Amino acid sequence: MKVPFLDLGASYFELKSEIDSAIQRVLSSGWYILGPEVEAFEAEWANYCEAKYAVGLANGLDALILALRALGVGKGDEVIVPSNTYIATWLAVSAVGATPVPVEPDPATFNLDSSRIEAAITKNTKVLLPVHLYGQPADLDPILALARKHNLFVVEDAAQAHGARYKGKRIGAHGDVVCWSFYPGKNLGALGDAGGITTNSPELADKIRVLRNYGSRVKYVNEVQGINSRLDPIQAAVLRTKLNYLDEWTERRKAIALTYLSNLHGTELVLPFVPDWAEPVWHLFVVRSSNRNQLQSYLTEAGIGTLIHYPIPPHLQVAYAHAKIHFDALQITKFLSDQVLSLPISPAQRNDQTYEVIKIMLQSSKNEIISLNRENLAK
Ligand SMILES: *Cc1c(COP(=O)(O)O)cnc(C)c1O
């Protein structure tokens with residue numbers, strides 16, 4: 001039996017007639033830029049995220065860039081970012097002319113280790129930018145407390161955390177601006193590029209709304225040098241349709257995660273750890289193995305699709321070679337990138353497929369691909 005890592009078409013086919021008619025509604029409306037469909041999605045998304053405002057944008061990278069621009073972040077400023085994240089988090093900081101300052105994760109949760117943040121704060125620091133990696137919220141309270149103490153803004157990269165809760169409250173407005181991607185593979189994914197922000201600040205929502213549309217509120221009147229990063233109404237219509245199913249899809253992800261967790265313990269694998277204040281949405285199910293590459297080959301040969309998130313951390317990318325971050329400086333990030341492996345998880349995954357993954361994983365342990373002891377695994 002084959003288990004794909006992710007079947008991107010599945011959520012479309014599950015809702016085909018609803019999505020087709022939502023798209024048809026936009027095509028027939030004659031309204032193809034911003035307008036009622038985008039406004040309706042913004043209201044529904046803000047409401048879902050327990051935030052006051054949402055602004056629809058073209059993609060998640062623009063969401064991060066415009067959030068930083070709206071906060072006045074630019075040349076000479078520093079932004080504290082996780083050292084282990086998708087590179088978009090860093091690129092947004094660089095795009096506004098500021099410097100990304102990496103801080104290492106807590107290896108148990110993969111998220112920013114708040115006890116390491118204060119040492120990285122300088123007189124140039126403007127923003128703390130936690131990422132809710134793999135769908136699990138970062139520990140926000142200590143981050144928000146540090147921001148208050150040092151007079152910093154908090155921007156959240158929630159591109160993997162649609163619907164996740166921190167201490168009972170949805171991710172959406174804990175920090176000053178929360179940035180979303182609706183890239184097709186995300187938990188709420190469009191049928192193309194899409195993104196957005198949520199916030200409780202009317203001023204920041206307004207600034208980002210103006211920035212996304214050429215810096216213009218009134219056609220041909222330009223207040224600031226904005227960009228074109230408008231959410232496409234066709235994608236807004238698709239997202240509105242899928243949003244009605246997001247909680248059900250999250251429940252299916254949760255069931256798969258629980259099945260993995262209860263069947264894969266007792267091996268050398270390090271399984272995801274969920275703190276008691278976190279309600280993750282299982283964008284990814286990431287295990288660690290000291291023999292990751294061999295384990296991945298074994299699974300591939302058995303027809304199980306896996307991915308590595310992420311094989312090369314941002315500081316080791318050629319794109320950041322100029323930053324001259326000392327190789328030894330980010331050891332935790334480096335060893336995590338050598339050990340992480342993402343197992344298949346998605347709302348479309350059937351029970352028999354989940355058990356097939358478990359069966360092959362346990363077989364690999366019998367074949368000493370993964371062992372039953374944890375000795376050679378860095379903690
Ligand atoms: C997907 C993602 C982004 C970027 O989103 P795009 O819509 O692809 O621009 C940013 N940060 C993280 C953590 C992501 O996973």
# chains A, B, ... in the order shown; residues from 1 in each chain; ligands from 1

$ closest_atom_pairs --of "chain A" --to "ligand 1" --cutoff "8 Å" --atoms "only C-alpha atoms and all ligand atoms" --output "Markdown table"
| residue | atom | partner | partner_atom_place_in_ligand_line | distance |
| --- | --- | --- | --- | --- |
| A:Ala58 | CA | ligand 1 | 7 (O) | 7.6 |
| A:Asn59 | CA | ligand 1 | 7 (O) | 3.9 |
| A:Gly60 | CA | ligand 1 | 7 (O) | 3.5 |
| A:Leu61 | CA | ligand 1 | 9 (O) | 3.8 |
| A:Asp62 | CA | ligand 1 | 9 (O) | 6.6 |
| A:Ala63 | CA | ligand 1 | 9 (O) | 7.9 |
| A:Leu64 | CA | ligand 1 | 10 (C) | 7.6 |
| A:Thr85 | CA | ligand 1 | 13 (C) | 5.8 |
| A:Tyr86 | CA | ligand 1 | 13 (C) | 4.9 |
| A:Ile87 | CA | ligand 1 | 11 (N) | 7.1 |
| A:Ala88 | CA | ligand 1 | 10 (C) | 4.7 |
| A:Thr89 | CA | ligand 1 | 11 (N) | 5.3 |
| A:Val131 | CA | ligand 1 | 13 (C) | 6.1 |
| A:His132 | CA | ligand 1 | 13 (C) | 7.3 |
| A:Leu133 | CA | ligand 1 | 13 (C) | 6.3 |
| A:Tyr134 | CA | ligand 1 | 15 (O) | 7.9 |
| A:Asp157 | CA | ligand 1 | 11 (N) | 5.9 |
| A:Ala158 | CA | ligand 1 | 13 (C) | 6.8 |
| A:Ala159 | CA | ligand 1 | 14 (C) | 4.7 |
| A:Gln160 | CA | ligand 1 | 15 (O) | 5.3 |
| A:Trp180 | CA | ligand 1 | 5 (O) | 7.2 |
| A:Ser181 | CA | ligand 1 | 7 (O) | 4.1 |
| A:Phe182 | CA | ligand 1 | 7 (O) | 5.8 |
| A:Tyr183 | CA | ligand 1 | 7 (O) | 4.7 |
| A:Lys186 | CA | ligand 1 | 1 (C) | 7.0 |
| A:Asp193 | CA | ligand 1 | 7 (O) | 6.0 |
| A:Ala194 | CA | ligand 1 | 7 (O) | 5.9 |
| A:Gly195 | CA | ligand 1 | 7 (O) | 5.7 |

$ residues_around --residues "A:Phe153" --least-positions-apart "5" --cutoff "9 Å" --atoms "only C-alpha atoms" --output "JSON, numbers by chain"
{"A": [71, 126, 127, 128, 129, 144, 147, 148, 175, 176, 177]}

$ write_last_selection --atoms "all heavy atoms" --output "compact mmCIF listing (two decimals), in the first residue's frame"
# COMPACT_ATOMS: atom_id res chain seq x y z
N LEU A 71 4.88 48.32 10.96
CA LEU A 71 5.44 48.64 12.28
C LEU A 71 6.65 49.57 12.17
O LEU A 71 7.29 49.88 13.17
CB LEU A 71 5.83 47.35 13.01
CG LEU A 71 4.66 46.45 13.43
CD1 LEU A 71 5.15 45.09 13.89
CD2 LEU A 71 3.84 47.12 14.54
N LYS A 126 13.74 45.64 17.36
CA LYS A 126 12.41 46.26 17.22
C LYS A 126 11.27 45.26 17.42
O LYS A 126 10.20 45.61 17.89
CB LYS A 126 12.27 46.85 15.80
CG LYS A 126 12.70 48.31 15.64
CD LYS A 126 11.50 49.23 15.86
CE LYS A 126 11.81 50.71 15.69
NZ LYS A 126 12.02 51.09 14.29
N VAL A 127 11.53 44.01 16.99
CA VAL A 127 10.43 43.03 16.90
C VAL A 127 10.90 41.66 17.37
O VAL A 127 12.02 41.25 17.08
CB VAL A 127 9.92 42.92 15.44
CG1 VAL A 127 8.89 41.80 15.29
CG2 VAL A 127 9.33 44.24 14.95
N LEU A 128 10.02 40.95 18.08
CA LEU A 128 10.21 39.51 18.31
C LEU A 128 9.27 38.80 17.35
O LEU A 128 8.08 39.12 17.29
CB LEU A 128 9.87 39.14 19.76
CG LEU A 128 10.61 39.94 20.85
CD1 LEU A 128 10.17 39.46 22.24
CD2 LEU A 128 12.13 39.81 20.71
N LEU A 129 9.81 37.83 16.59
CA LEU A 129 9.02 37.18 15.54
C LEU A 129 8.97 35.65 15.72
O LEU A 129 9.68 34.92 15.03
CB LEU A 129 9.60 37.55 14.16
CG LEU A 129 8.68 37.56 12.95
CD1 LEU A 129 9.38 38.08 11.70
CD2 LEU A 129 7.98 36.26 12.67
N LEU A 144 5.67 37.70 25.03
CA LEU A 144 4.91 38.95 25.17
C LEU A 144 5.43 39.76 26.37
O LEU A 144 5.51 41.00 26.31
CB LEU A 144 3.41 38.66 25.32
CG LEU A 144 2.76 38.05 24.07
CD1 LEU A 144 1.39 37.45 24.39
CD2 LEU A 144 2.62 39.09 22.95
N ALA A 147 8.59 41.45 25.37
CA ALA A 147 8.28 42.56 24.46
C ALA A 147 7.84 43.79 25.26
O ALA A 147 8.28 44.91 24.98
CB ALA A 147 7.20 42.14 23.47
N ARG A 148 7.00 43.57 26.27
CA ARG A 148 6.56 44.70 27.12
C ARG A 148 7.75 45.32 27.84
O ARG A 148 7.92 46.53 27.87
CB ARG A 148 5.51 44.23 28.13
CG ARG A 148 4.09 44.22 27.57
CD ARG A 148 3.05 44.01 28.68
NE ARG A 148 3.20 42.72 29.35
CZ ARG A 148 2.63 41.59 28.89
NH1 ARG A 148 1.89 41.61 27.80
NH2 ARG A 148 2.81 40.45 29.54
N GLY A 175 -0.09 38.54 19.62
CA GLY A 175 0.93 39.56 19.33
C GLY A 175 0.30 40.73 18.58
O GLY A 175 -0.93 40.80 18.41
N ASP A 176 1.14 41.67 18.11
CA ASP A 176 0.62 42.86 17.43
C ASP A 176 0.03 42.51 16.07
O ASP A 176 -1.04 43.00 15.71
CB ASP A 176 1.75 43.89 17.28
CG ASP A 176 2.21 44.39 18.62
OD1 ASP A 176 1.49 45.21 19.23
OD2 ASP A 176 3.27 43.93 19.11
N VAL A 177 0.75 41.71 15.29
CA VAL A 177 0.24 41.27 13.98
C VAL A 177 0.55 39.79 13.82
O VAL A 177 1.64 39.32 14.17
CB VAL A 177 0.92 42.03 12.80
CG1 VAL A 177 0.23 41.68 11.49
CG2 VAL A 177 0.91 43.54 13.02

$ select_by_dssp --residues "stretch 278-310 of chain A" --states "strand (DSSP E)" --output "PyMOL selection string"
chain A and resi 278-279+285-288

$ closest_residue --among "A:Tyr214, A:Tyr32, A:Tyr245, A:Trp90" --to "A:Glu18" --atoms "only C-alpha atoms"
A:Tyr245

$ residues_around --residues "A:Ile304" --least-positions-apart "4" --cutoff "7 Å" --atoms "only C-alpha atoms" --output "tab-separated table (two decimals) with C-alpha atoms, in the first residue's frame"
chain	number	residue	atom	x	y	z
A	2	LYS	CA	1.28	3.45	-0.96
A	3	VAL	CA	0.92	6.34	1.45
A	4	PRO	CA	1.60	9.70	-0.21
A	299	LEU	CA	10.14	4.28	4.15
A	300	THR	CA	10.49	5.47	0.54
A	357	VAL	CA	3.05	3.88	8.16

$ residues_around --residues "A:Leu146" --least-positions-apart "6" --cutoff "9 Å" --atoms "only C-alpha atoms" --output "PDB file with C-alpha atoms, in the first residue's frame"
ATOM      1  CA  SER A 114      12.143  32.060  25.244  1.00  0.00           C
ATOM      2  CA  ILE A 117      15.729  35.602  23.731  1.00  0.00           C
ATOM      3  CA  GLU A 118      16.812  38.265  26.222  1.00  0.00           C
ATOM      4  CA  LEU A 128      10.212  39.508  18.313  1.00  0.00           C
ATOM      5  CA  LEU A 152       9.247  45.675  21.327  1.00  0.00           C
TER       6      LEU A 152
END

$ residues_around --residues "A:Glu223" --least-positions-apart "5" --cutoff "10 Å" --atoms "only C-alpha atoms" --output "PDB file with N, CA and C atoms, in the first residue's frame"
ATOM      1  N   VAL A 210      -3.754  49.562   3.236  1.00  0.00           N
ATOM      2  CA  VAL A 210      -3.302  50.589   2.287  1.00  0.00           C
ATOM      3  C   VAL A 210      -2.023  50.123   1.563  1.00  0.00           C
ATOM      4  N   LEU A 211      -1.100  49.517   2.332  1.00  0.00           N
ATOM      5  CA  LEU A 211       0.171  49.057   1.739  1.00  0.00           C
ATOM      6  C   LEU A 211      -0.045  47.993   0.665  1.00  0.00           C
ATOM      7  N   TYR A 214      -1.006  49.474  -3.440  1.00  0.00           N
ATOM      8  CA  TYR A 214      -0.249  50.606  -3.991  1.00  0.00           C
ATOM      9  C   TYR A 214      -0.181  51.806  -3.056  1.00  0.00           C
ATOM     10  N   GLY A 215      -0.448  51.580  -1.770  1.00  0.00           N
ATOM     11  CA  GLY A 215      -0.419  52.710  -0.839  1.00  0.00           C
ATOM     12  C   GLY A 215      -1.622  53.621  -1.027  1.00  0.00           C
ATOM     13  N   SER A 216      -2.685  53.024  -1.548  1.00  0.00           N
ATOM     14  CA  SER A 216      -3.834  53.843  -1.954  1.00  0.00           C
ATOM     15  C   SER A 216      -5.115  53.422  -1.230  1.00  0.00           C
ATOM     16  N   ARG A 217      -5.848  54.413  -0.770  1.00  0.00           N
ATOM     17  CA  ARG A 217      -7.146  54.181  -0.152  1.00  0.00           C
ATOM     18  C   ARG A 217      -8.219  54.565  -1.173  1.00  0.00           C
ATOM     19  N   VAL A 218      -7.943  55.673  -1.860  1.00  0.00           N
ATOM     20  CA  VAL A 218      -8.828  56.182  -2.908  1.00  0.00           C
ATOM     21  C   VAL A 218      -8.066  56.025  -4.221  1.00  0.00           C
TER      22      VAL A 218
END

$ residues_around --residues "A:Asn351" --least-positions-apart "4" --cutoff "9 Å" --atoms "only C-alpha atoms" --output "list of chain:residue names"
A:Ile256, A:Tyr355, A:Glu356

$ select_by_dssp --residues "stretch 89-215 of chain A" --states "alpha helix (DSSP H)" --output "list in words"
Thr89, Trp90, Leu91, Ala92, Val93, Ser94, Ala95, Leu140, Asp141, Pro142, Ile143, Leu144, Ala145, Leu146, Ala147, Arg148, Lys149, His150, Pro202, Glu203, Leu204, Ala205, Asp206, Lys207, Ile208, Arg209, Val210 and Leu211 of chain A

$ write_last_selection --atoms "C-alpha atoms" --output "short mmCIF file (atom, residue, chain, number, x, y, z; two decimals), in the first residue's frame"
data_model
loop_
_atom_site.label_atom_id
_atom_site.label_comp_id
_atom_site.auth_asym_id
_atom_site.auth_seq_id
_atom_site.Cartn_x
_atom_site.Cartn_y
_atom_site.Cartn_z
CA THR A 89 10.56 34.26 8.14
CA TRP A 90 14.14 35.49 7.64
CA LEU A 91 13.59 36.74 4.07
CA ALA A 92 10.78 39.05 5.21
CA VAL A 93 13.13 40.72 7.71
CA SER A 94 15.86 41.08 5.09
CA ALA A 95 13.33 42.40 2.53
CA LEU A 140 3.79 33.27 23.78
CA ASP A 141 3.43 34.57 27.36
CA PRO A 142 7.18 34.89 28.09
CA ILE A 143 7.67 36.37 24.61
CA LEU A 144 4.91 38.95 25.17
CA ALA A 145 6.36 39.76 28.62
CA LEU A 146 9.82 40.36 27.14
CA ALA A 147 8.28 42.56 24.46
CA ARG A 148 6.56 44.70 27.12
CA LYS A 149 9.74 44.91 29.20
CA HIS A 150 11.92 46.01 26.26
CA PRO A 202 -7.35 49.15 13.78
CA GLU A 203 -4.30 51.30 12.92
CA LEU A 204 -2.13 48.35 11.85
CA ALA A 205 -4.99 46.73 9.89
CA ASP A 206 -5.55 50.03 8.10
CA LYS A 207 -1.84 50.52 7.31
CA ILE A 208 -1.53 47.01 5.86
CA ARG A 209 -4.75 47.44 3.88
CA VAL A 210 -3.30 50.59 2.29
CA LEU A 211 0.17 49.06 1.74
#

$ residues_around --residues "stretch 26-30 of chain A" --least-positions-apart "6" --cutoff "12 Å" --atoms "only C-alpha atoms" --output "list in words"
Ile19, Asp20, Pro36, Glu37, Val38, Asp232, Pro233, Ile234, Gln235, Ala236, Ala237 and Val238 of chain A

$ write_last_selection --atoms "N, CA, C and O atoms" --output "PDB file, in the first residue's frame"
ATOM      1  N   ILE A  19     -16.866  24.056  -4.162  1.00  0.00           N
ATOM      2  CA  ILE A  19     -15.795  24.971  -4.588  1.00  0.00           C
ATOM      3  C   ILE A  19     -16.063  25.470  -5.999  1.00  0.00           C
ATOM      4  O   ILE A  19     -15.928  26.657  -6.290  1.00  0.00           O
ATOM      5  N   ASP A  20     -16.495  24.556  -6.880  1.00  0.00           N
ATOM      6  CA  ASP A  20     -16.798  24.973  -8.251  1.00  0.00           C
ATOM      7  C   ASP A  20     -17.858  26.066  -8.265  1.00  0.00           C
ATOM      8  O   ASP A  20     -17.749  27.046  -9.010  1.00  0.00           O
ATOM      9  N   PRO A  36     -16.403  42.354  -2.557  1.00  0.00           N
ATOM     10  CA  PRO A  36     -17.217  41.686  -1.526  1.00  0.00           C
ATOM     11  C   PRO A  36     -16.717  40.304  -1.099  1.00  0.00           C
ATOM     12  O   PRO A  36     -16.821  39.957   0.077  1.00  0.00           O
ATOM     13  N   GLU A  37     -16.168  39.527  -2.050  1.00  0.00           N
ATOM     14  CA  GLU A  37     -15.727  38.169  -1.699  1.00  0.00           C
ATOM     15  C   GLU A  37     -14.521  38.241  -0.754  1.00  0.00           C
ATOM     16  O   GLU A  37     -14.431  37.492   0.228  1.00  0.00           O
ATOM     17  N   VAL A  38     -13.593  39.137  -1.033  1.00  0.00           N
ATOM     18  CA  VAL A  38     -12.411  39.308  -0.179  1.00  0.00           C
ATOM     19  C   VAL A  38     -12.841  39.849   1.186  1.00  0.00           C
ATOM     20  O   VAL A  38     -12.399  39.350   2.233  1.00  0.00           O
ATOM     21  N   ASP A 232      -6.660  37.471  -4.111  1.00  0.00           N
ATOM     22  CA  ASP A 232      -7.501  37.253  -5.289  1.00  0.00           C
ATOM     23  C   ASP A 232      -8.900  36.808  -4.839  1.00  0.00           C
ATOM     24  O   ASP A 232      -9.025  35.878  -4.049  1.00  0.00           O
ATOM     25  N   PRO A 233      -9.964  37.458  -5.344  1.00  0.00           N
ATOM     26  CA  PRO A 233     -11.331  37.078  -4.925  1.00  0.00           C
ATOM     27  C   PRO A 233     -11.681  35.621  -5.225  1.00  0.00           C
ATOM     28  O   PRO A 233     -12.467  35.007  -4.488  1.00  0.00           O
ATOM     29  N   ILE A 234     -11.107  35.048  -6.273  1.00  0.00           N
ATOM     30  CA  ILE A 234     -11.384  33.629  -6.553  1.00  0.00           C
ATOM     31  C   ILE A 234     -10.809  32.786  -5.419  1.00  0.00           C
ATOM     32  O   ILE A 234     -11.469  31.869  -4.901  1.00  0.00           O
ATOM     33  N   GLN A 235      -9.589  33.128  -4.986  1.00  0.00           N
ATOM     34  CA  GLN A 235      -8.990  32.392  -3.856  1.00  0.00           C
ATOM     35  C   GLN A 235      -9.770  32.663  -2.567  1.00  0.00           C
ATOM     36  O   GLN A 235      -9.934  31.765  -1.739  1.00  0.00           O
ATOM     37  N   ALA A 236     -10.273  33.887  -2.405  1.00  0.00           N
ATOM     38  CA  ALA A 236     -11.076  34.202  -1.214  1.00  0.00           C
ATOM     39  C   ALA A 236     -12.322  33.311  -1.170  1.00  0.00           C
ATOM     40  O   ALA A 236     -12.698  32.794  -0.114  1.00  0.00           O
ATOM     41  N   ALA A 237     -12.940  33.109  -2.336  1.00  0.00           N
ATOM     42  CA  ALA A 237     -14.147  32.279  -2.402  1.00  0.00           C
ATOM     43  C   ALA A 237     -13.818  30.821  -2.062  1.00  0.00           C
ATOM     44  O   ALA A 237     -14.570  30.146  -1.351  1.00  0.00           O
ATOM     45  N   VAL A 238     -12.667  30.343  -2.547  1.00  0.00           N
ATOM     46  CA  VAL A 238     -12.228  28.974  -2.231  1.00  0.00           C
ATOM     47  C   VAL A 238     -11.976  28.855  -0.727  1.00  0.00           C
ATOM     48  O   VAL A 238     -12.420  27.893  -0.081  1.00  0.00           O
TER      49      VAL A 238
END

$ closest_residue --among "A:Ala255, A:Ala108, A:Val178, A:Leu264" --to "A:Arg350" --atoms "only C-alpha atoms"
A:Ala255

$ atom_distance --atom1 "atom CA of A:Leu307" --atom2 "atom CA of A:Gln136"
18.0 Å
